[in-house]
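Engineer: Input entry_27.json, format and content: JSON, C-alpha atoms and all ligand atoms.
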```
[["chain", "number", "residue", "atom", "x", "y", "z"],
["A", 1, "MET", "CA", 154.04, 107.26, 107.19],
["A", 2, "PRO", "CA", 156.65, 104.65, 108.17],
["A", 3, "GLN", "CA", 156.44, 103.70, 111.85],
["A", 4, "LYS", "CA", 159.17, 103.90, 114.45],
["A", 5, "VAL", "CA", 160.77, 100.48, 115.01],
["A", 6, "ARG", "CA", 159.78, 99.30, 118.52],
["A", 7, "LYS", "CA", 160.33, 95.56, 118.38],
["A", 8, "ALA", "CA", 163.25, 93.31, 117.51],
["A", 9, "VAL", "CA", 163.46, 89.61, 116.76],
["A", 10, "ILE", "CA", 166.71, 87.81, 117.54],
["A", 11, "PRO", "CA", 166.80, 84.39, 115.84],
["A", 12, "ALA", "CA", 169.12, 82.18, 117.88],
["A", 13, "ALA", "CA", 167.79, 78.68, 117.30],
["A", 14, "GLY", "CA", 170.36, 77.46, 114.78],
["A", 15, "LEU", "CA", 172.28, 74.25, 115.47],
["A", 16, "GLY", "CA", 175.69, 75.90, 115.50],
["A", 17, "THR", "CA", 177.29, 72.86, 113.88],
["A", 18, "ARG", "CA", 180.32, 74.86, 112.80],
["A", 19, "PHE", "CA", 181.21, 75.23, 116.48],
["A", 20, "LEU", "CA", 181.14, 71.53, 117.28],
["A", 21, "PRO", "CA", 182.21, 70.07, 119.62],
["A", 22, "VAL", "CA", 181.60, 72.98, 122.03],
["A", 23, "THR", "CA", 177.99, 73.48, 120.84],
["A", 24, "SER", "CA", 177.12, 69.92, 121.79],
["A", 25, "ALA", "CA", 176.89, 71.31, 125.34],
["A", 26, "VAL", "CA", 176.99, 75.14, 125.14],
["A", 27, "PRO", "CA", 174.45, 76.99, 122.98],
["A", 28, "LYS", "CA", 176.17, 79.11, 120.32],
["A", 29, "PRO", "CA", 174.51, 82.36, 121.50],
["A", 30, "LEU", "CA", 176.27, 81.93, 124.86],
["A", 31, "LEU", "CA", 179.77, 81.66, 123.42],
["A", 32, "PRO", "CA", 181.66, 84.66, 124.74],
["A", 33, "VAL", "CA", 183.48, 87.59, 123.26],
["A", 34, "ILE", "CA", 185.80, 88.06, 126.25],
["A", 35, "ASP", "CA", 183.28, 88.14, 129.13],
["A", 36, "LYS", "CA", 179.94, 88.68, 127.42],
["A", 37, "PRO", "CA", 178.02, 86.17, 125.30],
["A", 38, "LEU", "CA", 177.18, 86.80, 121.64],
["A", 39, "ILE", "CA", 173.50, 87.23, 122.53],
["A", 40, "PHE", "CA", 174.39, 90.16, 124.81],
["A", 41, "TYR", "CA", 175.81, 92.19, 121.92],
["A", 42, "ALA", "CA", 172.59, 91.69, 119.90],
["A", 43, "VAL", "CA", 170.35, 92.82, 122.77],
["A", 44, "ALA", "CA", 172.66, 95.73, 123.61],
["A", 45, "GLU", "CA", 172.52, 96.93, 119.99],
["A", 46, "ALA", "CA", 168.71, 96.84, 120.04],
["A", 47, "ALA", "CA", 168.63, 98.71, 123.36],
["A", 48, "ALA", "CA", 171.10, 101.31, 122.04],
["A", 49, "ALA", "CA", 168.71, 101.79, 119.11],
["A", 50, "GLY", "CA", 165.87, 102.45, 121.56],
["A", 51, "ILE", "CA", 164.27, 99.03, 120.95],
["A", 52, "HIS", "CA", 163.37, 97.39, 124.25],
["A", 53, "GLU", "CA", 160.77, 94.78, 123.23],
["A", 54, "ILE", "CA", 162.71, 91.75, 122.10],
["A", 55, "ALA", "CA", 161.67, 88.28, 121.00],
["A", 56, "MET", "CA", 164.39, 85.67, 121.21],
["A", 57, "VAL", "CA", 163.78, 82.63, 119.04],
["A", 58, "LEU", "CA", 165.43, 79.64, 120.71],
["A", 59, "SER", "CA", 165.50, 75.91, 120.18],
["A", 60, "PRO", "CA", 163.80, 73.74, 122.83],
["A", 61, "GLY", "CA", 165.77, 73.45, 126.06],
["A", 62, "LEU", "CA", 167.89, 76.53, 125.47],
["A", 63, "GLU", "CA", 166.16, 78.75, 128.02],
["A", 64, "ALA", "CA", 169.60, 79.41, 129.55],
["A", 65, "VAL", "CA", 170.18, 81.82, 126.67],
["A", 66, "ALA", "CA", 167.31, 84.05, 127.77],
["A", 67, "GLY", "CA", 168.20, 83.42, 131.43],
["A", 68, "TYR", "CA", 171.21, 85.64, 130.89],
["A", 69, "PHE", "CA", 168.82, 88.61, 130.89],
["A", 70, "SER", "CA", 166.89, 87.58, 134.05],
["A", 71, "PRO", "CA", 167.95, 88.14, 137.67],
["A", 72, "ASN", "CA", 170.12, 85.38, 139.13],
["A", 73, "GLY", "CA", 169.15, 85.21, 142.84],
["A", 74, "PRO", "CA", 172.02, 83.21, 144.36],
["A", 75, "MET", "CA", 174.67, 85.11, 142.38],
["A", 76, "GLU", "CA", 173.23, 88.49, 143.35],
["A", 77, "ASP", "CA", 172.89, 87.45, 147.01],
["A", 78, "ALA", "CA", 176.55, 86.40, 147.02],
["A", 79, "LEU", "CA", 177.68, 89.68, 145.46],
["A", 80, "GLU", "CA", 175.59, 91.63, 147.95],
["A", 81, "GLU", "CA", 177.09, 89.74, 150.87],
["A", 82, "ARG", "CA", 180.57, 90.56, 149.59],
["A", 83, "GLY", "CA", 179.62, 94.18, 149.03],
["A", 84, "ASP", "CA", 180.58, 93.89, 145.35],
["A", 85, "THR", "CA", 178.35, 96.75, 144.22],
["A", 86, "GLU", "CA", 180.21, 97.18, 140.93],
["A", 87, "ARG", "CA", 179.44, 93.68, 139.66],
["A", 88, "LEU", "CA", 175.89, 93.90, 141.03],
["A", 89, "ALA", "CA", 175.32, 97.10, 139.07],
["A", 90, "MET", "CA", 176.71, 95.41, 135.96],
["A", 91, "LEU", "CA", 174.18, 92.56, 136.29],
["A", 92, "HIS", "CA", 171.31, 94.98, 136.95],
["A", 93, "GLU", "CA", 172.23, 96.94, 133.86],
["A", 94, "ILE", "CA", 172.05, 93.77, 131.74],
["A", 95, "HIS", "CA", 168.64, 92.84, 133.20],
["A", 96, "GLY", "CA", 167.34, 96.34, 132.51],
["A", 97, "LEU", "CA", 168.31, 96.36, 128.83],
["A", 98, "ALA", "CA", 165.10, 94.91, 127.46],
["A", 99, "GLU", "CA", 161.89, 93.04, 128.01],
["A", 100, "VAL", "CA", 162.70, 89.61, 126.56],
["A", 101, "THR", "CA", 160.02, 87.24, 125.23],
["A", 102, "VAL", "CA", 161.18, 83.69, 124.55],
["A", 103, "LEU", "CA", 159.77, 81.93, 121.46],
["A", 104, "GLU", "CA", 160.52, 78.37, 120.48],
["A", 105, "GLN", "CA", 161.50, 77.06, 117.07],
["A", 106, "THR", "CA", 160.96, 73.34, 117.52],
["A", 107, "GLU", "CA", 163.06, 72.31, 114.53],
["A", 108, "ALA", "CA", 165.94, 74.21, 112.90],
["A", 109, "LYS", "CA", 164.14, 74.67, 109.58],
["A", 110, "GLY", "CA", 165.97, 77.83, 108.61],
["A", 111, "LEU", "CA", 166.18, 81.53, 109.40],
["A", 112, "GLY", "CA", 162.89, 82.33, 107.61],
["A", 113, "ASP", "CA", 161.06, 79.80, 109.75],
["A", 114, "ALA", "CA", 162.70, 81.21, 112.92],
["A", 115, "VAL", "CA", 161.49, 84.72, 112.07],
["A", 116, "LEU", "CA", 157.99, 83.37, 111.33],
["A", 117, "MET", "CA", 157.79, 82.19, 114.99],
["A", 118, "ALA", "CA", 157.67, 85.88, 115.96],
["A", 119, "ARG", "CA", 154.58, 86.73, 113.90],
["A", 120, "ALA", "CA", 152.18, 87.19, 116.84],
["A", 121, "PHE", "CA", 154.83, 89.06, 118.86],
["A", 122, "VAL", "CA", 155.42, 91.52, 116.03],
["A", 123, "GLY", "CA", 151.80, 92.05, 114.99],
["A", 124, "ASP", "CA", 151.22, 94.63, 112.29],
["A", 125, "GLU", "CA", 154.30, 96.82, 112.55],
["A", 126, "THR", "CA", 157.69, 97.28, 110.98],
["A", 127, "PHE", "CA", 160.28, 95.43, 113.07],
["A", 128, "ALA", "CA", 164.00, 94.74, 113.36],
["A", 129, "VAL", "CA", 165.84, 91.43, 113.00],
["A", 130, "ILE", "CA", 169.30, 91.11, 114.55],
["A", 131, "LEU", "CA", 171.43, 88.00, 114.03],
["A", 132, "PRO", "CA", 173.68, 87.49, 117.05],
["A", 133, "ASP", "CA", 176.46, 85.92, 114.96],
["A", 134, "ASP", "CA", 176.99, 89.20, 113.11],
["A", 135, "LEU", "CA", 178.83, 91.58, 115.40],
["A", 136, "ILE", "CA", 178.98, 95.24, 114.41],
["A", 137, "TRP", "CA", 180.97, 97.90, 116.22],
["A", 138, "SER", "CA", 179.71, 101.36, 115.27],
["A", 139, "ASN", "CA", 179.01, 104.82, 116.66],
["A", 140, "THR", "CA", 175.39, 104.74, 115.53],
["A", 141, "PRO", "CA", 173.86, 101.25, 115.99],
["A", 142, "ALA", "CA", 173.59, 99.50, 112.61],
["A", 143, "ILE", "CA", 169.88, 98.87, 113.20],
["A", 144, "THR", "CA", 169.33, 102.62, 113.71],
["A", 145, "GLN", "CA", 171.11, 103.29, 110.41],
["A", 146, "LEU", "CA", 168.70, 100.87, 108.68],
["A", 147, "ALA", "CA", 165.65, 102.32, 110.46],
["A", 148, "GLN", "CA", 166.62, 105.78, 109.19],
["A", 149, "VAL", "CA", 166.60, 104.49, 105.60],
["A", 150, "ALA", "CA", 163.21, 102.82, 106.22],
["A", 151, "GLU", "CA", 161.85, 106.08, 107.57],
["A", 152, "GLU", "CA", 163.02, 107.97, 104.50],
["A", 153, "HIS", "CA", 162.06, 105.45, 101.80],
["A", 154, "GLY", "CA", 159.42, 103.23, 103.45],
["A", 155, "GLY", "CA", 159.36, 99.46, 102.98],
["A", 156, "SER", "CA", 162.11, 97.13, 104.17],
["A", 157, "VAL", "CA", 165.88, 97.58, 104.51],
["A", 158, "VAL", "CA", 168.70, 95.04, 104.70],
["A", 159, "ALA", "CA", 172.24, 95.69, 105.94],
["A", 160, "ALA", "CA", 174.94, 95.36, 103.31],
["A", 161, "LYS", "CA", 178.71, 95.13, 103.07],
["A", 162, "ARG", "CA", 181.20, 94.68, 100.22],
["A", 163, "VAL", "CA", 182.90, 91.31, 100.56],
["A", 164, "PRO", "CA", 185.92, 89.55, 99.03],
["A", 165, "ARG", "CA", 185.05, 87.63, 95.85],
["A", 166, "GLU", "CA", 185.86, 84.19, 97.24],
["A", 167, "THR", "CA", 183.26, 84.54, 100.04],
["A", 168, "ILE", "CA", 180.36, 85.35, 97.66],
["A", 169, "PRO", "CA", 179.13, 81.71, 97.22],
["A", 170, "ASN", "CA", 178.53, 81.49, 101.01],
["A", 171, "LEU", "CA", 176.45, 84.66, 101.35],
["A", 172, "GLY", "CA", 173.22, 86.39, 100.34],
["A", 173, "ILE", "CA", 174.14, 88.74, 97.46],
["A", 174, "ILE", "CA", 172.38, 91.95, 96.41],
["A", 175, "ASP", "CA", 171.58, 93.25, 92.91],
["A", 176, "ALA", "CA", 171.01, 96.98, 93.39],
["A", 177, "ASP", "CA", 171.27, 100.56, 92.09],
["A", 178, "ALA", "CA", 173.30, 102.94, 94.24],
["A", 179, "LEU", "CA", 171.39, 106.03, 95.42],
["A", 180, "GLY", "CA", 174.30, 107.60, 97.35],
["A", 181, "ASP", "CA", 175.26, 107.64, 101.05],
["A", 182, "GLY", "CA", 175.60, 103.85, 101.03],
["A", 183, "VAL", "CA", 171.90, 103.41, 100.20],
["A", 184, "HIS", "CA", 170.94, 101.10, 97.31],
["A", 185, "ARG", "CA", 167.58, 100.38, 95.68],
["A", 186, "VAL", "CA", 167.40, 96.58, 95.61],
["A", 187, "GLN", "CA", 166.46, 94.89, 92.33],
["A", 188, "GLY", "CA", 167.12, 91.33, 93.43],
["A", 189, "LEU", "CA", 168.57, 89.13, 96.17],
["A", 190, "ILE", "CA", 170.17, 85.77, 95.61],
["A", 191, "GLU", "CA", 171.18, 83.36, 98.38],
["A", 192, "LYS", "CA", 174.57, 81.67, 98.01],
["A", 193, "PRO", "CA", 175.07, 82.29, 94.24],
["A", 194, "SER", "CA", 177.85, 80.74, 92.20],
["A", 195, "LEU", "CA", 180.52, 83.30, 91.24],
["A", 196, "GLU", "CA", 179.19, 83.35, 87.65],
["A", 197, "LYS", "CA", 175.64, 84.14, 88.81],
["A", 198, "ALA", "CA", 176.55, 86.72, 91.50],
["A", 199, "PRO", "CA", 175.23, 90.16, 90.49],
["A", 200, "SER", "CA", 177.67, 92.08, 92.76],
["A", 201, "ASP", "CA", 180.04, 91.84, 95.72],
["A", 202, "LEU", "CA", 177.47, 93.44, 98.03],
["A", 203, "ALA", "CA", 176.43, 90.90, 100.69],
["A", 204, "ILE", "CA", 173.51, 90.89, 103.11],
["A", 205, "ILE", "CA", 174.67, 91.14, 106.74],
["A", 206, "GLY", "CA", 172.43, 90.03, 109.64],
["A", 207, "ARG", "CA", 170.49, 93.22, 110.32],
["A", 208, "TYR", "CA", 167.06, 93.85, 108.81],
["A", 209, "VAL", "CA", 164.18, 96.28, 109.17],
["A", 210, "LEU", "CA", 161.15, 94.47, 107.76],
["A", 211, "THR", "CA", 157.51, 95.21, 107.13],
["A", 212, "PRO", "CA", 155.08, 92.64, 108.58],
["A", 213, "GLY", "CA", 154.18, 91.54, 105.04],
["A", 214, "VAL", "CA", 157.29, 89.36, 105.20],
["A", 215, "PHE", "CA", 155.43, 86.79, 107.34],
["A", 216, "ASN", "CA", 152.98, 85.88, 104.55],
["A", 217, "ARG", "CA", 155.85, 85.68, 102.11],
["A", 218, "ILE", "CA", 157.80, 83.33, 104.38],
["A", 219, "GLU", "CA", 154.72, 81.12, 104.69],
["A", 220, "GLN", "CA", 154.16, 81.09, 100.94],
["A", 221, "GLY", "CA", 157.80, 80.45, 100.09],
["A", 222, "ALA", "CA", 159.12, 76.99, 99.41],
["A", 223, "ALA", "CA", 162.31, 75.76, 101.02],
["A", 224, "GLY", "CA", 165.22, 77.32, 99.11],
["A", 225, "ALA", "CA", 168.99, 76.83, 99.20],
["A", 226, "LEU", "CA", 170.04, 73.81, 101.34],
["A", 227, "GLY", "CA", 166.36, 72.86, 101.90],
["A", 228, "GLU", "CA", 165.99, 75.62, 104.53],
["A", 229, "ILE", "CA", 163.21, 78.21, 104.67],
["A", 230, "GLN", "CA", 165.20, 81.25, 103.62],
["A", 231, "LEU", "CA", 164.49, 84.74, 104.89],
["A", 232, "THR", "CA", 166.28, 86.17, 101.86],
["A", 233, "ASP", "CA", 163.75, 84.62, 99.45],
["A", 234, "ALA", "CA", 160.80, 86.02, 101.40],
["A", 235, "ILE", "CA", 162.34, 89.51, 101.43],
["A", 236, "ALA", "CA", 163.13, 89.29, 97.71],
["A", 237, "ALA", "CA", 159.51, 88.29, 96.98],
["A", 238, "ALA", "CA", 158.46, 91.83, 98.01],
["A", 239, "ILE", "CA", 160.40, 93.43, 95.16],
["A", 240, "GLY", "CA", 157.99, 95.14, 92.79],
["A", 241, "GLN", "CA", 155.28, 95.30, 95.47],
["A", 242, "GLU", "CA", 156.95, 97.46, 98.10],
["A", 243, "SER", "CA", 160.22, 99.29, 98.34],
["A", 244, "LEU", "CA", 163.35, 97.42, 99.39],
["A", 245, "HIS", "CA", 166.69, 99.08, 100.10],
["A", 246, "ALA", "CA", 170.12, 97.98, 101.24],
["A", 247, "LYS", "CA", 172.28, 100.12, 103.51],
["A", 248, "GLU", "CA", 176.06, 99.86, 103.58],
["A", 249, "PHE", "CA", 176.29, 100.65, 107.27],
["A", 250, "ASP", "CA", 179.11, 102.59, 108.91],
["A", 251, "GLY", "CA", 180.89, 100.29, 111.34],
["A", 252, "HIS", "CA", 183.19, 97.31, 111.68],
["A", 253, "HIS", "CA", 181.58, 93.91, 111.08],
["A", 254, "ILE", "CA", 182.81, 90.46, 112.02],
["A", 255, "ASP", "CA", 180.90, 87.25, 111.32],
["A", 256, "ALA", "CA", 181.43, 85.42, 114.60],
["A", 257, "GLY", "CA", 179.46, 82.38, 113.39],
["A", 258, "THR", "CA", 182.62, 80.31, 112.92],
["A", 259, "PRO", "CA", 185.48, 79.54, 115.33],
["A", 260, "ALA", "CA", 187.86, 81.76, 113.31],
["A", 261, "GLY", "CA", 185.32, 84.60, 113.27],
["A", 262, "LEU", "CA", 184.69, 84.37, 117.00],
["A", 263, "PHE", "CA", 188.43, 84.37, 117.61],
["A", 264, "ALA", "CA", 188.78, 87.50, 115.44],
["A", 265, "ALA", "CA", 185.94, 89.15, 117.37],
["A", 266, "ASN", "CA", 187.71, 88.43, 120.67],
["A", 267, "ILE", "CA", 190.94, 89.98, 119.42],
["A", 268, "TYR", "CA", 189.12, 93.01, 117.98],
["A", 269, "GLU", "CA", 187.19, 93.61, 121.19],
["A", 270, "ALA", "CA", 190.30, 93.04, 123.33],
["A", 271, "ARG", "CA", 192.13, 95.76, 121.39],
["A", 272, "ARG", "CA", 189.37, 98.18, 122.39],
["A", 273, "ARG", "CA", 189.43, 97.34, 126.10],
["A", 274, "ASP", "CA", 191.82, 98.94, 128.57],
["A", 275, "ASP", "CA", 191.75, 95.89, 130.85],
["A", 276, "MET", "CA", 193.09, 93.74, 127.98],
["A", 277, "ALA", "CA", 195.92, 96.15, 127.05],
["A", 278, "GLY", "CA", 198.53, 94.14, 129.00],
["A", 279, "VAL", "CA", 197.85, 90.84, 127.28],
["A", 280, "ILE", "CA", 197.50, 92.52, 123.88],
["A", 281, "ALA", "CA", 200.96, 94.08, 124.31],
["A", 282, "GLU", "CA", 202.42, 90.80, 125.58],
["A", 283, "LEU", "CA", 201.12, 88.93, 122.53],
["A", 284, "GLY", "CA", 202.34, 91.65, 120.16],
["A", 285, "LEU", "CA", 198.78, 92.53, 119.08],
["A", 286, "ILE", "CA", 199.37, 96.26, 119.38],
["A", 287, "PRO", "CA", 196.11, 98.24, 118.94],
["A", 288, "ASP", "CA", 196.02, 100.55, 115.90],
["B", 301, "LIG", "P1", 173.43, 79.96, 110.52],
["B", 301, "LIG", "O1", 173.28, 79.96, 109.05],
["B", 301, "LIG", "O2", 174.71, 80.44, 111.08],
["B", 301, "LIG", "O3", 173.14, 78.48, 111.04],
["B", 301, "LIG", "O4", 172.21, 80.80, 111.12],
["B", 301, "LIG", "P2", 173.40, 77.85, 112.46],
["B", 301, "LIG", "O5", 172.57, 76.62, 112.54],
["B", 301, "LIG", "O6", 173.23, 78.85, 113.56],
["B", 301, "LIG", "O7", 174.95, 77.47, 112.46],
["B", 301, "LIG", "P3", 175.71, 76.31, 111.66],
["B", 301, "LIG", "O8", 175.63, 76.67, 110.21],
["B", 301, "LIG", "O9", 175.05, 74.99, 111.99],
["B", 301, "LIG", "O10", 177.11, 76.38, 112.20],
["B", 301, "LIG", "C1", 172.14, 82.20, 111.02],
["B", 301, "LIG", "C2", 171.27, 82.72, 112.16],
["B", 301, "LIG", "O11", 169.95, 82.19, 112.03],
["B", 301, "LIG", "C3", 169.57, 81.50, 113.21],
["B", 301, "LIG", "C4", 170.87, 81.13, 113.88],
["B", 301, "LIG", "O12", 170.69, 80.94, 115.27],
["B", 301, "LIG", "C5", 171.76, 82.32, 113.54],
["B", 301, "LIG", "O13", 171.52, 83.41, 114.42],
["B", 301, "LIG", "N1", 168.78, 80.30, 112.83],
["B", 301, "LIG", "C6", 169.19, 79.53, 111.78],
["B", 301, "LIG", "C7", 167.64, 79.99, 113.53],
["B", 301, "LIG", "O14", 167.25, 80.68, 114.49],
["B", 301, "LIG", "N2", 166.93, 78.88, 113.16],
["B", 301, "LIG", "C8", 167.31, 78.08, 112.11],
["B", 301, "LIG", "O15", 166.60, 77.10, 111.82],
["B", 301, "LIG", "C9", 168.47, 78.42, 111.42]]
```
Hey, can you dump this file as structure tokens for me?
Ligand code: UTP
Structural biologist:
Amino acid sequence: MPQKVRKAVIPAAGLGTRFLPVTSAVPKPLLPVIDKPLIFYAVAEAAAAGIHEIAMVLSPGLEAVAGYFSPNGPMEDALEERGDTERLAMLHEIHGLAEVTVLEQTEAKGLGDAVLMARAFVGDETFAVILPDDLIWSNTPAITQLAQVAEEHGGSVVAAKRVPRETIPNLGIIDADALGDGVHRVQGLIEKPSLEKAPSDLAIIGRYVLTPGVFNRIEQGAAGALGEIQLTDAIAAAIGQESLHAKEFDGHHIDAGTPAGLFAANIYEARRRDDMAGVIAELGLIPD
């Protein structure tokens, strides 16, 4: 029987070079969408999916990222003194979202290597991986949608989305047979293919439900595209041995891993928030 997903790994140790110069001083996971950092949305999605044990993989010296989820004494004292119970409650809610374990990836050797850091934390159970750059707004958390497919079919599940042709060479692309309801049986995965080699326009998005067998496959795998240890290759290595599915999730996805993407995420989120309605109207960004 497939297990319930209880643990999530959030890899957040990348260099964030596409955000230079800001990332020379501010870690990418702390860049905000309005007033909450990217890392918050990842943890909130896990919590909404009922996953409260979270390992955050960070590069050395970036403890501030995890600090966002720990009590901040002086700030809370100041709010208490002012009687600002609303903001205090907001902070307490953030601290109560999850139990966060910090793991270090000493060198940015790729996403596969970052996930491997969580091997002892995960142990022998099926687990979730949530990339904080990939923001998904949905009624049912995307990771829950994947976990449901894993429960039905067993094995591992990756999130998928149809993408414009010109973006294919930058993404992980899926070769699969559609089973209905947005579920696909995966036959192959290829990281950053040329347009001629791409088997489809179905791209992997940063949500995964993985069996613990992936750790051995990451270890055994050689460095792939761009010399990085690729998670995609390790997941693909399971094909033929255990079941692997892709789920076209219901929800709106934005890749906030570039300045343009983060800007789009800010606009999208602002259009959903009542307290931003004034500025949205002023700028002519009328919500649909
Ligand atoms: P990206 O491919 O966006 O790389 O990582 P990056 O280093 O963060 O950003 P750029 O390309 O330099 O601008 C995808 C996800 O994998 C994590 C990142 O933190 C991000 O969540 N990652 C990547 C790691 O944790 N470690 C790595 O070595 C590489």
Engineer: Could you state the separation of CA of Asp134 in chain A and CA of Pro37 in chain A in Å, given to one decimal place?
Structural biologist: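 Computing it gives 12.6 Å between the two atoms.
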Engineer: I'd like a table as JSON lines: residues in chain A with an atom no more than 9 Å from ligand LIG 301 (chain B), each row giving the shortest atom pair and its distance in Å to one decimal, only C-alpha atoms and all ligand atoms counted, sorted by chain and rising residue number.
Structural biologist:
```
{"residue": "A:Ile10", "atom": "CA", "partner": "B:LIG301", "partner_atom": "O13", "distance": 7.2}
{"residue": "A:Pro11", "atom": "CA", "partner": "B:LIG301", "partner_atom": "O14", "distance": 4.0}
{"residue": "A:Ala12", "atom": "CA", "partner": "B:LIG301", "partner_atom": "O12", "distance": 3.3}
{"residue": "A:Ala13", "atom": "CA", "partner": "B:LIG301", "partner_atom": "O14", "distance": 3.5}
{"residue": "A:Gly14", "atom": "CA", "partner": "B:LIG301", "partner_atom": "O5", "distance": 3.3}
{"residue": "A:Leu15", "atom": "CA", "partner": "B:LIG301", "partner_atom": "O5", "distance": 3.8}
{"residue": "A:Gly16", "atom": "CA", "partner": "B:LIG301", "partner_atom": "O7", "distance": 3.5}
{"residue": "A:Thr17", "atom": "CA", "partner": "B:LIG301", "partner_atom": "O9", "distance": 3.6}
{"residue": "A:Arg18", "atom": "CA", "partner": "B:LIG301", "partner_atom": "O10", "distance": 3.6}
{"residue": "A:Phe19", "atom": "CA", "partner": "B:LIG301", "partner_atom": "O10", "distance": 6.0}
{"residue": "A:Leu20", "atom": "CA", "partner": "B:LIG301", "partner_atom": "O10", "distance": 8.1}
{"residue": "A:Lys28", "atom": "CA", "partner": "B:LIG301", "partner_atom": "O6", "distance": 7.4}
{"residue": "A:Pro29", "atom": "CA", "partner": "B:LIG301", "partner_atom": "O12", "distance": 7.4}
{"residue": "A:Met56", "atom": "CA", "partner": "B:LIG301", "partner_atom": "O14", "distance": 8.8}
{"residue": "A:Val57", "atom": "CA", "partner": "B:LIG301", "partner_atom": "O14", "distance": 6.0}
{"residue": "A:Leu58", "atom": "CA", "partner": "B:LIG301", "partner_atom": "O14", "distance": 6.6}
{"residue": "A:Ser59", "atom": "CA", "partner": "B:LIG301", "partner_atom": "O14", "distance": 7.6}
{"residue": "A:Gln105", "atom": "CA", "partner": "B:LIG301", "partner_atom": "N2", "distance": 6.9}
{"residue": "A:Thr106", "atom": "CA", "partner": "B:LIG301", "partner_atom": "O15", "distance": 8.9}
{"residue": "A:Glu107", "atom": "CA", "partner": "B:LIG301", "partner_atom": "O15", "distance": 6.5}
{"residue": "A:Ala108", "atom": "CA", "partner": "B:LIG301", "partner_atom": "O15", "distance": 3.2}
{"residue": "A:Lys109", "atom": "CA", "partner": "B:LIG301", "partner_atom": "O15", "distance": 4.1}
{"residue": "A:Gly110", "atom": "CA", "partner": "B:LIG301", "partner_atom": "O15", "distance": 3.4}
{"residue": "A:Leu111", "atom": "CA", "partner": "B:LIG301", "partner_atom": "C6", "distance": 4.3}
{"residue": "A:Gly112", "atom": "CA", "partner": "B:LIG301", "partner_atom": "C8", "distance": 7.6}
{"residue": "A:Asp113", "atom": "CA", "partner": "B:LIG301", "partner_atom": "O15", "distance": 6.5}
{"residue": "A:Ala114", "atom": "CA", "partner": "B:LIG301", "partner_atom": "N2", "distance": 4.8}
{"residue": "A:Val115", "atom": "CA", "partner": "B:LIG301", "partner_atom": "O14", "distance": 7.4}
{"residue": "A:Ile130", "atom": "CA", "partner": "B:LIG301", "partner_atom": "O13", "distance": 8.0}
{"residue": "A:Leu131", "atom": "CA", "partner": "B:LIG301", "partner_atom": "O13", "distance": 4.6}
{"residue": "A:Pro132", "atom": "CA", "partner": "B:LIG301", "partner_atom": "O13", "distance": 5.3}
{"residue": "A:Asp133", "atom": "CA", "partner": "B:LIG301", "partner_atom": "O13", "distance": 5.6}
{"residue": "A:Asp134", "atom": "CA", "partner": "B:LIG301", "partner_atom": "O13", "distance": 8.1}
{"residue": "A:Gly206", "atom": "CA", "partner": "B:LIG301", "partner_atom": "C2", "distance": 7.8}
{"residue": "A:Glu228", "atom": "CA", "partner": "B:LIG301", "partner_atom": "O15", "distance": 7.5}
{"residue": "A:Ile229", "atom": "CA", "partner": "B:LIG301", "partner_atom": "O15", "distance": 8.0}
{"residue": "A:Gln230", "atom": "CA", "partner": "B:LIG301", "partner_atom": "C9", "distance": 8.9}
{"residue": "A:Gly257", "atom": "CA", "partner": "B:LIG301", "partner_atom": "O2", "distance": 5.6}
{"residue": "A:Thr258", "atom": "CA", "partner": "B:LIG301", "partner_atom": "O10", "distance": 6.8}
```
Engineer: Taking all atoms listed in the file into account, produce a table as a Markdown table in which each residue of range 6-28 of chain A with an atom at most 12 Å from an atom of range 210-224 of chain A appears once, together with its shortest atom pair and the distance in Å to one decimal, ordered by chain and rising number.
Structural biologist:
```
| residue | atom | partner | partner_atom | distance |
| --- | --- | --- | --- | --- |
| A:Arg6 | CA | A:Leu210 | CA | 11.9 |
| A:Lys7 | CA | A:Leu210 | CA | 10.7 |
| A:Ala8 | CA | A:Leu210 | CA | 10.0 |
| A:Val9 | CA | A:Leu210 | CA | 10.5 |
```
Engineer: Find the residues around Glu53 in chain A up to 12 Å (all atoms listed in the file counted), leave out those fewer than 2 positions away in its own chain, and share them as a list in words.
Structural biologist: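 Answer for this query is Val5, Arg6, Lys7, Ala8, Val9, Ile10, Val43, Ala44, Ala46, Ala47, Ala49, Gly50, Ile51, Ala55, Met56, Gly96, Leu97, Ala98, Glu99, Val100, Thr101, Val102, Ala118, Phe121, Val122, Phe127, Ala128 and Val129 of chain A.
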Engineer: Name the closest residue to Ala236 in chain A among the candidates A:Ile173, A:Ala265, A:Leu285, A:Ala270; distances are taken between atoms, counting only C-alpha atoms.
Structural biologist: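 Closest to Ala236 in chain A of all the choices is A:Ile173.
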Engineer: Tell me, in Å to one decimal, how far CA of Ala246 in chain A is from CA of Leu231 in chain A.
Structural biologist: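 Pair CA of Ala246 in chain A / CA of Leu231 in chain A returns 14.8 Å.
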Engineer: Return the single residue from A:Leu88, A:Ala78, A:Ile39, A:Ala48 that is closest to Thr140 in chain A, with distances computed using only C-alpha atoms.
Structural biologist: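 Selected residue with least distance to Thr140 in chain A: A:Ala48.
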Engineer: Starting from the point (193.7, 85.9, 130.3), work out which residues of protein, DNA or RNA have an atom no more than 12 Å away when counting only C-alpha atoms; state them as a list in words.
Structural biologist: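 Those residues lying close to the given coordinates are Ile34, Asp35, Asn266, Ile267, Ala270, Asp275, Met276, Ala277, Gly278, Val279, Ile280, Glu282 and Leu283 of chain A.
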Engineer: One number please: CA of Gly61 in chain A to CA of Pro259 in chain A, in Å, one decimal.
Structural biologist: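 Atom-to-atom, CA of Gly61 in chain A and CA of Pro259 in chain A are spaced 23.3 Å apart.
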Engineer: For Glu242 in chain A, which of A:Ser156, A:Asp181, A:Leu62, A:His92 is the closest residue, counting all atoms listed in the file?
Structural biologist: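 The closest residue to Glu242 in chain A is A:Ser156.
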